[in-house]
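Notes follow the structure.
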Amino acid sequence: MSAAPSPLEAARAWLAQDPDPVTRDELSALIDAASTGDASAAADLDDRFGARLAFGTAGLRGRLGAGSNRMNRVLVSQAAAGLAAYLREKAGPDATPLVVIGYDGRRNSDVFAQDSAELFAGAGLRAVLLPRLLPTPVLAFAVRHLGAAAGVMVTASHNPPDDNGYKVYLGGADDGSQIVSPADAEIAAHIDRVAATTPLGDLPRGAYEIADESVVDAYVAATAAVAPAPAGAAGMNWVYTAMHGVGYETLASILRAAGYPLPVVVEAQIEPDGRFPTVAFPNPEESGAMDLSFATARDAGAEFILANDPDADRLAVAIPDEGAEGGWRRLTGNETGLLLGWRAARRASAGASGSLACSLVSSPGLQTVAEHYGLDFHATLTGFKWISRAPGLVYGFEEALGYLVNPDTVRDKDGVSAAVAMLGMIAEARAEGQTVADLLAEFADTFGFFQSGQVSLRVDDVAVIGRIMAALRADPPAQIGDVAVERIDDLLTGVDGFPPGDVLRLWLVDGSRVIVRPSGTEPKLKAYLDVRGDSATDAASRLAALDAGARALIAAARA
């Protein structure tokens with residue numbers, strides 16, 4: 001067997017097939033520098049070509065740039081060709097699978113989408129490109145609406161500006177959900193085969209179709225039907241931000257169709273801009289990301305704020321709060337998720353069937369809601385590829401601002417339909433003289449005082465995360481803070497029917513819970529904290545102590 005090429009040799013081979021002048025220039029400069037002994041350039045080439053960006057259940061996601069360990073036209077084209085081979089294999093020789101492709105406003109999203117459409121068509125598939133940049137939920141909807149065998153969305157969602165990604169959905173038996181095992185490994189094997197055997201210039205390309213506007217119109221109509229505006233919507237004064245993403249055009253059409261007043265928008269963030277110039281990270285969860293929204297709301301005297309992330313598959317809600325800095329606070333994903341779950345349960349209970357589902361790291365309060373209304377409940381691994389597959393699903397959420405309120409329409413998190421559902425809930429409360437804060441208080445009085453928190457450790461070297469997880473397994477904690485650990489579930493060994501995963505779940509003797517896992521999309525280690533108190537004050541005290549204990553635990557494991 002021949003030795004693997006050196007990073008410099010791999011870079012020269014890559015350059016020979018790269019069609020993108022930007023990445024060609026970038027790589028040429030690195031090759032020239034490394035060839036003259038520049039150690040920094042050699043290290044950069046090693047980082048770019050020492051590995052290949054892995055295709056998994058999250059598809060592809062990584063930094064833009066030249067190299068096999070970056071997002072670029074070569075890597076994406078190989079992925080498209082590999083996915084096409086997988087779909088042809090599954091469909092059989094006499095079928096012509098349909099693939100629909102969408103893209104958002106990130107840098108190169110449109111280029112990656114067009115390359116993919118041409119390669120799908122060249123492989124003998126029917127390729128349909130959505131008519132313009134649109135939210136991820138529109139693509140997820142289109143897979144089912146068009147009866148497609150698969151869908152691809154080019155987006156890195158809420159990742160940093162220099163990232164992009166490639167998200168894959170399957171039709172048929174998968175019903176428009178994201179891929180799960182073993183499909184991910186089977187697709188990855190086809191991609192690797194293409195990369196190893198076929199130069200980019202030898203991959204056939206063909207003519208693709210542009211989807212009719214009726215696909216978007218159908219999504220608008222279906223989403224407007226989630227919560228047509230009740231009388232309480234009249235005069236609603238609210239603020240919206242698209243976080244430099246693609247959400248507003250589609251949302252505005254839905255608001256008009258459903259009868260809601262249009263919001264006051266955060267002007268600096270309302271148009272798509274892949275540079276994301278006003279935020280360090282275009283994620284409503286990140287500190288400071290909603291500061292412009294808060295300022296706009298203060299100026300407008302608004303009642304509440306809704307925010308989508310850049311591809312509009314997540315939703316954030318913020319409300320006035322005299323105790324918060326600046327007078328506004330963002331609800332946690334669990335707070336919003338429990339409110340929307342309460343709404344869904346009340347509607348579903350009329351039919352006395354169906355289930356609520358959330359990821360295992362999301363609030364256990366949803367199970368309490370389900371039991372209260374006589375509905376089934378399912379906890380799943382993190383990700384809507386799992387939540388969307390829960391039997392009898394009527395509603396699902398995960399604490400990372402993801403909500404699935406309309407499973408008959410979209411089998412993925414959908415920040416646009418979640419916004420409409422939240423508007424409906426707020427408008428109904430307004431008619432009774434209530435605010436979102438009143439709804440939160442009523443929820444706690446009805447179901448209990450649940451509070452959640454999160455400790456997040458962002459790292460430059462992802463190997464640090466693996467070492468922390470290994471240290472926690474090698475030396476399991478007997479207590480967190482002053483509270484003893486009752487038991488530890490290690491999902492690597494298989495627990496409660498979950499597929500094996502790199503997750504540790506720690507149960508404390510006071511009923512609190514800590515779950516530690518690596519992020520699936522970012523270089524982060526996350527610890528999810530959940531408590532239930534006898535009152536709001538008691539719950540807050542328990543959460544503060546658990547937060548301090550979890551931080552100390554992670555710091556000790558990292559040392």
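The way I read the labels, and the way they are meant: chains A, B, ... in the order of the structure tokens, residue 1 as the first residue of every chain, and ligand 1 as the first ligand shown, with later ones counted on from there.
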
request  = Please provide the set of residues having any atom within 12 Å of Pro518 in chain A, restricted to only C-alpha atoms, with same-chain residues fewer than 4 positions apart removed, written as a list in words.
outcome  =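 The contact residues come out as Val361, Thr382, Val455, Ser456, Leu457, Arg458, Val459, Val462, Ala463, Val464, Ile465, Gly466, Arg467, Ile468, Met469, Ala470, Gly501, Asp502, Val503, Leu504, Glu522, Pro523, Lys524, Leu525, Lys526, Ala527 and Tyr528 of chain A.
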
Given the selection you just returned, output its residues as a file containing N, CA and C atoms, formatted as a PDB file, in the first residue's frame.
ATOM      1  N   VAL A 361     -31.714  16.535  27.293  1.00  0.00           N
ATOM      2  CA  VAL A 361     -31.106  17.634  28.030  1.00  0.00           C
ATOM      3  C   VAL A 361     -32.079  18.781  28.249  1.00  0.00           C
ATOM      4  N   THR A 382     -30.272  14.328  21.681  1.00  0.00           N
ATOM      5  CA  THR A 382     -30.343  15.704  21.207  1.00  0.00           C
ATOM      6  C   THR A 382     -30.417  15.739  19.683  1.00  0.00           C
ATOM      7  N   VAL A 455     -23.993  25.445  31.654  1.00  0.00           N
ATOM      8  CA  VAL A 455     -22.588  25.825  31.706  1.00  0.00           C
ATOM      9  C   VAL A 455     -21.980  25.421  30.374  1.00  0.00           C
ATOM     10  N   SER A 456     -21.363  26.373  29.682  1.00  0.00           N
ATOM     11  CA  SER A 456     -20.834  26.111  28.349  1.00  0.00           C
ATOM     12  C   SER A 456     -19.367  26.479  28.306  1.00  0.00           C
ATOM     13  N   LEU A 457     -18.545  25.534  27.891  1.00  0.00           N
ATOM     14  CA  LEU A 457     -17.100  25.753  27.783  1.00  0.00           C
ATOM     15  C   LEU A 457     -16.704  25.668  26.319  1.00  0.00           C
ATOM     16  N   ARG A 458     -16.354  26.804  25.724  1.00  0.00           N
ATOM     17  CA  ARG A 458     -15.887  26.838  24.334  1.00  0.00           C
ATOM     18  C   ARG A 458     -14.377  26.642  24.315  1.00  0.00           C
ATOM     19  N   VAL A 459     -13.882  25.786  23.429  1.00  0.00           N
ATOM     20  CA  VAL A 459     -12.456  25.463  23.377  1.00  0.00           C
ATOM     21  C   VAL A 459     -11.919  25.687  21.960  1.00  0.00           C
ATOM     22  N   VAL A 462     -10.621  20.796  20.192  1.00  0.00           N
ATOM     23  CA  VAL A 462     -11.735  19.919  20.574  1.00  0.00           C
ATOM     24  C   VAL A 462     -11.254  18.706  21.369  1.00  0.00           C
ATOM     25  N   ALA A 463      -9.965  18.384  21.306  1.00  0.00           N
ATOM     26  CA  ALA A 463      -9.444  17.264  22.088  1.00  0.00           C
ATOM     27  C   ALA A 463      -9.612  17.509  23.588  1.00  0.00           C
ATOM     28  N   VAL A 464      -9.680  18.775  23.976  1.00  0.00           N
ATOM     29  CA  VAL A 464      -9.885  19.108  25.393  1.00  0.00           C
ATOM     30  C   VAL A 464     -11.207  18.528  25.879  1.00  0.00           C
ATOM     31  N   ILE A 465     -12.221  18.581  25.029  1.00  0.00           N
ATOM     32  CA  ILE A 465     -13.541  18.076  25.414  1.00  0.00           C
ATOM     33  C   ILE A 465     -13.483  16.577  25.687  1.00  0.00           C
ATOM     34  N   GLY A 466     -12.812  15.844  24.819  1.00  0.00           N
ATOM     35  CA  GLY A 466     -12.676  14.407  25.006  1.00  0.00           C
ATOM     36  C   GLY A 466     -11.945  14.072  26.297  1.00  0.00           C
ATOM     37  N   ARG A 467     -10.934  14.872  26.625  1.00  0.00           N
ATOM     38  CA  ARG A 467     -10.179  14.610  27.855  1.00  0.00           C
ATOM     39  C   ARG A 467     -11.035  14.869  29.093  1.00  0.00           C
ATOM     40  N   ILE A 468     -11.879  15.890  29.040  1.00  0.00           N
ATOM     41  CA  ILE A 468     -12.762  16.176  30.183  1.00  0.00           C
ATOM     42  C   ILE A 468     -13.770  15.044  30.368  1.00  0.00           C
ATOM     43  N   MET A 469     -14.376  14.588  29.264  1.00  0.00           N
ATOM     44  CA  MET A 469     -15.346  13.498  29.371  1.00  0.00           C
ATOM     45  C   MET A 469     -14.675  12.238  29.909  1.00  0.00           C
ATOM     46  N   ALA A 470     -13.461  11.972  29.442  1.00  0.00           N
ATOM     47  CA  ALA A 470     -12.733  10.790  29.922  1.00  0.00           C
ATOM     48  C   ALA A 470     -12.417  10.913  31.413  1.00  0.00           C
ATOM     49  N   GLY A 501     -24.337   7.190  23.103  1.00  0.00           N
ATOM     50  CA  GLY A 501     -23.905   8.555  22.831  1.00  0.00           C
ATOM     51  C   GLY A 501     -22.951   9.030  23.910  1.00  0.00           C
ATOM     52  N   ASP A 502     -22.171  10.051  23.581  1.00  0.00           N
ATOM     53  CA  ASP A 502     -21.167  10.580  24.510  1.00  0.00           C
ATOM     54  C   ASP A 502     -21.839  11.549  25.467  1.00  0.00           C
ATOM     55  N   VAL A 503     -22.610  10.997  26.398  1.00  0.00           N
ATOM     56  CA  VAL A 503     -23.412  11.788  27.321  1.00  0.00           C
ATOM     57  C   VAL A 503     -23.330  11.169  28.712  1.00  0.00           C
ATOM     58  N   LEU A 504     -23.137  12.000  29.717  1.00  0.00           N
ATOM     59  CA  LEU A 504     -23.201  11.582  31.115  1.00  0.00           C
ATOM     60  C   LEU A 504     -24.374  12.292  31.786  1.00  0.00           C
ATOM     61  N   GLU A 522     -20.709  22.681  17.570  1.00  0.00           N
ATOM     62  CA  GLU A 522     -19.730  23.706  17.884  1.00  0.00           C
ATOM     63  C   GLU A 522     -18.646  23.116  18.790  1.00  0.00           C
ATOM     64  N   PRO A 523     -17.474  23.753  18.857  1.00  0.00           N
ATOM     65  CA  PRO A 523     -16.405  23.264  19.747  1.00  0.00           C
ATOM     66  C   PRO A 523     -16.676  23.650  21.194  1.00  0.00           C
ATOM     67  N   LYS A 524     -17.696  23.035  21.773  1.00  0.00           N
ATOM     68  CA  LYS A 524     -18.120  23.365  23.128  1.00  0.00           C
ATOM     69  C   LYS A 524     -18.379  22.092  23.929  1.00  0.00           C
ATOM     70  N   LEU A 525     -18.129  22.175  25.223  1.00  0.00           N
ATOM     71  CA  LEU A 525     -18.643  21.195  26.172  1.00  0.00           C
ATOM     72  C   LEU A 525     -19.797  21.869  26.902  1.00  0.00           C
ATOM     73  N   LYS A 526     -20.917  21.152  27.030  1.00  0.00           N
ATOM     74  CA  LYS A 526     -22.089  21.734  27.660  1.00  0.00           C
ATOM     75  C   LYS A 526     -22.521  20.904  28.863  1.00  0.00           C
ATOM     76  N   ALA A 527     -22.897  21.583  29.915  1.00  0.00           N
ATOM     77  CA  ALA A 527     -23.510  20.949  31.076  1.00  0.00           C
ATOM     78  C   ALA A 527     -24.895  21.566  31.253  1.00  0.00           C
ATOM     79  N   TYR A 528     -25.906  20.731  31.258  1.00  0.00           N
ATOM     80  CA  TYR A 528     -27.300  21.170  31.358  1.00  0.00           C
ATOM     81  C   TYR A 528     -27.783  20.915  32.773  1.00  0.00           C
TER      82      TYR A 528
END

request  = Pick out the residues sitting within 9 Å of range 42-47 of chain A, and hand them over as number ranges by chain; count only C-alpha atoms, and ignore anything fewer than 6 positions along from it in its own chain.
outcome  = A: 6-8, 10-11, 27, 30-31, 33-35, 67, 69

Go ahead and dump the residues you just picked, C-alpha atoms, as a compact mmCIF listing (two decimals), in the first residue's frame.
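New file again21.txt:
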# COMPACT_ATOMS: atom_id res chain seq x y z
CA SER A 6 2.01 14.67 2.53
CA PRO A 7 -0.11 17.78 3.23
CA LEU A 8 1.88 19.65 0.60
CA ALA A 10 -2.40 16.77 -1.07
CA ALA A 11 -2.66 20.54 -1.40
CA LEU A 27 -4.15 27.72 -1.39
CA LEU A 30 0.08 28.68 1.22
CA ILE A 31 1.76 26.15 -1.09
CA ALA A 33 5.09 29.69 1.40
CA ALA A 34 5.29 26.10 2.67
CA SER A 35 7.56 25.15 -0.24
CA GLY A 67 -8.68 21.96 1.89
CA ASN A 69 -10.91 19.85 6.31

message = Based on the backbone DSSP call, show me all residues of range 313-523 of chain A assigned strand (DSSP E), as a PyMOL selection string.
response = chain A and resi 315-320+328-330+355-359+376-380+393-398+402-404+449-458+479-480+483-490+504-508+513-518

Residue subset to file, keeping C-alpha atoms, as a CSV table (one decimal), in the first residue's frame:
chain,number,residue,atom,x,y,z
A,315,LEU,CA,-36.8,31.2,17.9
A,316,ALA,CA,-35.9,33.4,20.9
A,317,VAL,CA,-38.4,35.3,23.0
A,318,ALA,CA,-37.6,38.3,25.2
A,319,ILE,CA,-39.8,40.2,27.7
A,320,PRO,CA,-39.6,43.3,29.8
A,328,TRP,CA,-35.3,43.1,29.2
A,329,ARG,CA,-34.4,39.5,29.4
A,330,ARG,CA,-34.5,36.6,26.9
A,355,SER,CA,-47.2,12.7,22.4
A,356,LEU,CA,-44.9,15.4,23.5
A,357,ALA,CA,-41.2,15.0,23.1
A,358,CYS,CA,-38.0,16.7,24.0
A,359,SER,CA,-34.3,16.0,24.0
A,376,ASP,CA,-47.5,10.2,26.0
A,377,PHE,CA,-44.1,11.6,26.5
A,378,HIS,CA,-40.7,10.7,24.9
A,379,ALA,CA,-37.2,11.8,25.7
A,380,THR,CA,-34.8,11.5,22.8
A,393,LEU,CA,-45.7,13.5,17.9
A,394,VAL,CA,-47.8,16.6,18.3
A,395,TYR,CA,-45.1,18.8,19.7
A,396,GLY,CA,-41.3,18.6,20.3
A,397,PHE,CA,-38.6,20.9,21.5
A,398,GLU,CA,-35.0,21.2,22.7
A,402,GLY,CA,-35.6,24.7,18.8
A,403,TYR,CA,-39.4,24.0,18.5
A,404,LEU,CA,-41.4,21.7,16.3
A,449,PHE,CA,-41.3,25.6,39.7
A,450,PHE,CA,-38.9,24.2,37.1
A,451,GLN,CA,-35.7,26.1,36.4
A,452,SER,CA,-32.8,25.3,34.1
A,453,GLY,CA,-29.4,26.5,33.4
A,454,GLN,CA,-26.3,25.7,31.3
A,455,VAL,CA,-22.6,25.8,31.7
A,456,SER,CA,-20.8,26.1,28.3
A,457,LEU,CA,-17.1,25.8,27.8
A,458,ARG,CA,-15.9,26.8,24.3
A,479,GLN,CA,-21.2,15.1,44.9
A,480,ILE,CA,-21.7,18.3,43.0
A,483,VAL,CA,-25.3,17.7,47.1
A,484,ALA,CA,-24.5,14.0,46.8
A,485,VAL,CA,-24.8,12.3,43.5
A,486,GLU,CA,-27.3,9.5,43.6
A,487,ARG,CA,-26.4,7.7,40.3
A,488,ILE,CA,-24.7,8.3,37.0
A,489,ASP,CA,-26.0,7.1,33.6
A,490,ASP,CA,-23.4,6.8,31.0
A,504,LEU,CA,-23.2,11.6,31.1
A,505,ARG,CA,-26.4,12.1,33.1
A,506,LEU,CA,-26.0,12.7,36.9
A,507,TRP,CA,-28.9,12.4,39.2
A,508,LEU,CA,-28.6,14.2,42.6
A,513,ARG,CA,-30.1,16.7,37.3
A,514,VAL,CA,-26.8,17.5,35.5
A,515,ILE,CA,-26.2,16.3,31.9
A,516,VAL,CA,-22.7,16.7,30.4
A,517,ARG,CA,-22.0,16.3,26.7
A,518,PRO,CA,-20.0,17.7,23.8

inquiry  = List the spatial neighbours of Lys385 in chain A as a PyMOL selection string - criterion: any atom at most 7 Å away, only C-alpha atoms, same-chain residues fewer than 3 positions off excluded.
reply    = chain A and resi 177-180+388-389

Distance table requested - range 157-190 of chain A against range 76-88 of chain A, cut-off 10 Å, only C-alpha atoms: one row per qualifying residue with the closest atom pair and its distance in Å to one decimal, ordered by chain and rising residue number, as JSON lines.
{"residue": "A:Gly165", "atom": "CA", "partner": "A:Val76", "partner_atom": "CA", "distance": 9.0}
{"residue": "A:Tyr166", "atom": "CA", "partner": "A:Val76", "partner_atom": "CA", "distance": 7.8}
{"residue": "A:Val168", "atom": "CA", "partner": "A:Leu83", "partner_atom": "CA", "distance": 9.1}
{"residue": "A:Leu170", "atom": "CA", "partner": "A:Leu87", "partner_atom": "CA", "distance": 9.5}
{"residue": "A:Ala183", "atom": "CA", "partner": "A:Tyr86", "partner_atom": "CA", "distance": 8.9}
{"residue": "A:Asp184", "atom": "CA", "partner": "A:Leu83", "partner_atom": "CA", "distance": 9.8}
{"residue": "A:Glu186", "atom": "CA", "partner": "A:Tyr86", "partner_atom": "CA", "distance": 7.3}
{"residue": "A:Ile187", "atom": "CA", "partner": "A:Leu83", "partner_atom": "CA", "distance": 5.7}
{"residue": "A:Ala188", "atom": "CA", "partner": "A:Gly82", "partner_atom": "CA", "distance": 7.3}
{"residue": "A:Ala189", "atom": "CA", "partner": "A:Gly82", "partner_atom": "CA", "distance": 7.8}
{"residue": "A:His190", "atom": "CA", "partner": "A:Gly82", "partner_atom": "CA", "distance": 4.6}

ask   = Could you pull out all residues of range 60-213 of chain A with a DSSP call of alpha helix (DSSP H) and give them as number ranges by chain?
value = A: 73-91, 109-122, 136-145, 183-197

message = Taking only C-alpha atoms into account, name the residue in A:Gly424, A:Gly247, A:Gly124, A:Pro160 that is nearest to Ala234 in chain A.
response = A:Gly424

key: Residue with smallest distance to Gly333 in chain A - pool A:Gly176, A:Pro284, A:Pro228, A:Gly494, counting only C-alpha atoms   =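 Of A:Gly176, A:Pro284, A:Pro228, A:Gly494, the one nearest Gly333 in chain A, counting only C-alpha atoms, is A:Pro284.
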
Proximity to Asp273 in chain A - best of A:Asp20, A:Asp510, A:Glu442, A:Asp311, only C-alpha atoms =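 For Asp273 in chain A, the nearest of the given residues is A:Asp311.
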
note = Among A:Val152, A:Val100, A:Val128, A:Leu472, Ala58 in chain A is approached most closely, using only C-alpha atoms, by A:Val152

key: Best match for closeness to Tyr219 in chain A among A:Tyr103, A:Ala324, A:Thr409, A:Leu340, counting only C-alpha atoms   = A:Thr409

query = Near range 132-145 of chain A, counting only C-alpha atoms, which residues have an atom at most 9 Å away, once you skip same-chain residues fewer than 6 positions from it, shown as a PyMOL selection string?
reply = chain A and resi 99-105+109-110+151-155+157+169-172+175-178+215-216+218-220+245-247+249-250+310-313+409-417

task = Choose the residue, out of A:Gly122, A:Pro407, A:Gly341, A:Pro19, that has the smallest atom-to-atom separation from Pro199 in chain A; count only C-alpha atoms.
result =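 Ranking A:Gly122, A:Pro407, A:Gly341, A:Pro19 by distance to Pro199 in chain A, first place goes to A:Pro19.
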
key: All residues 7 Å or closer to Ala117 in chain A, only C-alpha atoms, same chain fewer than 4 positions away omitted, as a PyMOL selection string   = chain A and resi 101+113+121+127-129+208
